[in-house]
Amino acid sequence: MTHNLLGPQPTLLPAHPAAQAGLDAGNDPATVAAEYPFFSAAWAALAENAFESGETIAAYAYARTGYHRGLDALRRNGWKGFGEVPWAHEPNQGFLRAVAVLAKAAGKIGETEEYDRCRQLLLDSDPAAVEATGLA
């Protein structure tokens with residue numbers, strides 16, 4: 001991704017090694033989310049699992065939680081509602097994955113405006129996120 005010299009610097013969320021270690025160890029994402037409720041990657045994993053199991057409404061709810069937790073984290077780290085959120089920076093991926101599942105679930109329940117808004121947010125954040133999450 002080429003940085004826009006006229007825009008804000010890319011937002012890079014901080015790592016949360018203990019929370020990530022819980023997911024990496026194969027712990028239930030619900031357990032990780034309960035222990036680290038700010039950790040978007042746990043909510044994204046819950047959303048992805050629910051969506052893959054056909055539980056669209058649960059996926060939507062988990063994804064929305066991950067999305068809002070991620071927005072909080074982005075704002076705390078200087079994001080002003082626009083600008084790059086690079087997929088290549090692993091701590092950003094939980095938020096971006098949550099946005100992707102929110103888009104997919106919204107599309108499945110007929111919320112086309114939300115689907116479009118979430119897909120555009122991913123495109124604006126980093127087109128690689130659209131590709132990586134299957135929204136291309």
# chains A, B, ... in the order shown; residues from 1 in each chain; ligands from 1
>>> residues_around(residues="Cys118 in chain A", least_positions_apart="3", cutoff="9 Å", atoms="only C-alpha atoms", output="list in words")
Val99, Ala100, Leu102, Ala103, Glu113, Glu114, Tyr115, Leu121, Leu122 and Leu123 of chain A
>>> residues_around(residues="Pro37 in chain A", least_positions_apart="2", cutoff="12 Å", atoms="only C-alpha atoms", output="PDB file with C-alpha atoms, in the first residue's frame")
ATOM      1  CA  HIS A  16      -1.958  -7.448  22.744  1.00  0.00           C
ATOM      2  CA  ALA A  19      -4.856 -11.947  24.235  1.00  0.00           C
ATOM      3  CA  PRO A  29     -12.655 -17.184  21.309  1.00  0.00           C
ATOM      4  CA  ALA A  30     -15.535 -16.617  23.762  1.00  0.00           C
ATOM      5  CA  THR A  31     -13.152 -17.223  26.663  1.00  0.00           C
ATOM      6  CA  VAL A  32     -10.598 -14.853  25.145  1.00  0.00           C
ATOM      7  CA  ALA A  33     -13.278 -12.195  24.496  1.00  0.00           C
ATOM      8  CA  ALA A  34     -14.515 -12.505  28.085  1.00  0.00           C
ATOM      9  CA  GLU A  35     -11.004 -12.039  29.451  1.00  0.00           C
ATOM     10  CA  PHE A  39      -9.610  -7.447  21.703  1.00  0.00           C
ATOM     11  CA  SER A  40     -11.293  -7.265  18.288  1.00  0.00           C
ATOM     12  CA  ALA A  41      -9.589 -10.417  17.025  1.00  0.00           C
ATOM     13  CA  ALA A  42     -11.506 -12.530  19.557  1.00  0.00           C
ATOM     14  CA  TRP A  43     -14.802 -10.974  18.448  1.00  0.00           C
ATOM     15  CA  ALA A  44     -13.825 -11.455  14.812  1.00  0.00           C
ATOM     16  CA  TYR A  62     -20.209 -10.569  17.344  1.00  0.00           C
ATOM     17  CA  THR A  65     -18.985  -5.780  18.847  1.00  0.00           C
ATOM     18  CA  GLY A  66     -15.551  -6.330  17.280  1.00  0.00           C
ATOM     19  CA  HIS A  68     -17.036  -1.030  17.786  1.00  0.00           C
ATOM     20  CA  ARG A  69     -14.184  -2.233  20.000  1.00  0.00           C
ATOM     21  CA  GLY A  70     -11.868  -1.698  17.038  1.00  0.00           C
ATOM     22  CA  ASP A  72     -12.535   2.657  20.025  1.00  0.00           C
ATOM     23  CA  ALA A  73      -8.961   1.371  19.718  1.00  0.00           C
TER      24      ALA A  73
END
>>> select_by_dssp(residues="chain A", states="alpha helix (DSSP H)", output="PyMOL selection string")
chain A and resi 17-24+29-35+40-52+56-76+93-108+112-125+127-132
>>> residues_around(residues="Ala63 in chain A", least_positions_apart="4", cutoff="6 Å", atoms="only C-alpha atoms", output="tab-separated table (two decimals) with C-alpha atoms, in the first residue's frame")
chain	number	residue	atom	x	y	z
A	44	ALA	CA	-13.82	-11.46	14.81
A	47	ALA	CA	-18.16	-13.80	14.21
A	59	ALA	CA	-22.22	-13.44	13.50
A	67	TYR	CA	-16.14	-3.40	14.94
A	98	ALA	CA	-14.79	-7.91	12.16
A	101	VAL	CA	-17.94	-10.35	8.73
A	102	LEU	CA	-20.25	-7.46	9.58
>>> residues_around(residues="Gly78 in chain A", least_positions_apart="5", cutoff="10 Å", atoms="only C-alpha atoms", output="number ranges by chain")
A: 8-13, 73
>>> closest_residue(among="A:Gly54, A:Gly22, A:Gly107, A:Pro14", to="His89 in chain A", atoms="only C-alpha atoms")
A:Pro14
>>> atom_distance(atom1="CA of Pro86 in chain A", atom2="CA of Arg117 in chain A")
18.0 Å
>>> decode(residues="range 3-23 of chain A", atoms="N, CA and C atoms", output="short mmCIF file (atom, residue, chain, number, x, y, z; two decimals), in the first residue's frame")
data_model
loop_
_atom_site.label_atom_id
_atom_site.label_comp_id
_atom_site.auth_asym_id
_atom_site.auth_seq_id
_atom_site.Cartn_x
_atom_site.Cartn_y
_atom_site.Cartn_z
N HIS A 3 1.44 5.07 0.81
CA HIS A 3 0.88 6.04 1.74
C HIS A 3 0.58 7.35 1.02
N ASN A 4 -0.57 7.93 1.33
CA ASN A 4 -0.98 9.22 0.81
C ASN A 4 -0.23 10.30 1.60
N LEU A 5 0.69 11.00 0.95
CA LEU A 5 1.51 12.00 1.63
C LEU A 5 0.70 13.19 2.13
N LEU A 6 -0.49 13.41 1.57
CA LEU A 6 -1.32 14.52 2.00
C LEU A 6 -2.28 14.14 3.11
N GLY A 7 -2.45 12.85 3.35
CA GLY A 7 -3.39 12.38 4.36
C GLY A 7 -2.69 12.04 5.67
N PRO A 8 -3.47 11.53 6.60
CA PRO A 8 -2.89 11.16 7.90
C PRO A 8 -1.98 9.93 7.75
N GLN A 9 -1.11 9.77 8.72
CA GLN A 9 -0.27 8.58 8.77
C GLN A 9 -1.16 7.35 8.96
N PRO A 10 -0.75 6.20 8.47
CA PRO A 10 -1.53 4.97 8.71
C PRO A 10 -1.66 4.71 10.21
N THR A 11 -2.80 4.19 10.60
CA THR A 11 -3.03 3.87 12.00
C THR A 11 -2.60 2.43 12.25
N LEU A 12 -1.75 2.28 13.25
CA LEU A 12 -1.22 0.96 13.62
C LEU A 12 -1.62 0.67 15.06
N LEU A 13 -2.54 -0.26 15.23
CA LEU A 13 -2.99 -0.60 16.57
C LEU A 13 -1.89 -1.32 17.34
N PRO A 14 -1.88 -1.16 18.65
CA PRO A 14 -0.88 -1.88 19.45
C PRO A 14 -1.19 -3.37 19.51
N ALA A 15 -0.16 -4.14 19.69
CA ALA A 15 -0.32 -5.58 19.87
C ALA A 15 -0.81 -5.86 21.29
N HIS A 16 -1.50 -6.96 21.44
CA HIS A 16 -1.96 -7.45 22.74
C HIS A 16 -1.51 -8.90 22.86
N PRO A 17 -0.23 -9.08 23.22
CA PRO A 17 0.37 -10.42 23.19
C PRO A 17 -0.37 -11.47 24.02
N ALA A 18 -0.83 -11.13 25.20
CA ALA A 18 -1.51 -12.13 26.03
C ALA A 18 -2.82 -12.57 25.40
N ALA A 19 -3.59 -11.62 24.88
CA ALA A 19 -4.86 -11.95 24.23
C ALA A 19 -4.61 -12.77 22.97
N GLN A 20 -3.64 -12.35 22.17
CA GLN A 20 -3.33 -13.09 20.93
C GLN A 20 -2.84 -14.49 21.26
N ALA A 21 -2.05 -14.62 22.32
CA ALA A 21 -1.55 -15.94 22.72
C ALA A 21 -2.71 -16.88 23.06
N GLY A 22 -3.76 -16.34 23.66
CA GLY A 22 -4.94 -17.16 23.96
C GLY A 22 -5.56 -17.73 22.71
N LEU A 23 -5.72 -16.89 21.69
CA LEU A 23 -6.27 -17.39 20.41
C LEU A 23 -5.31 -18.36 19.74
#
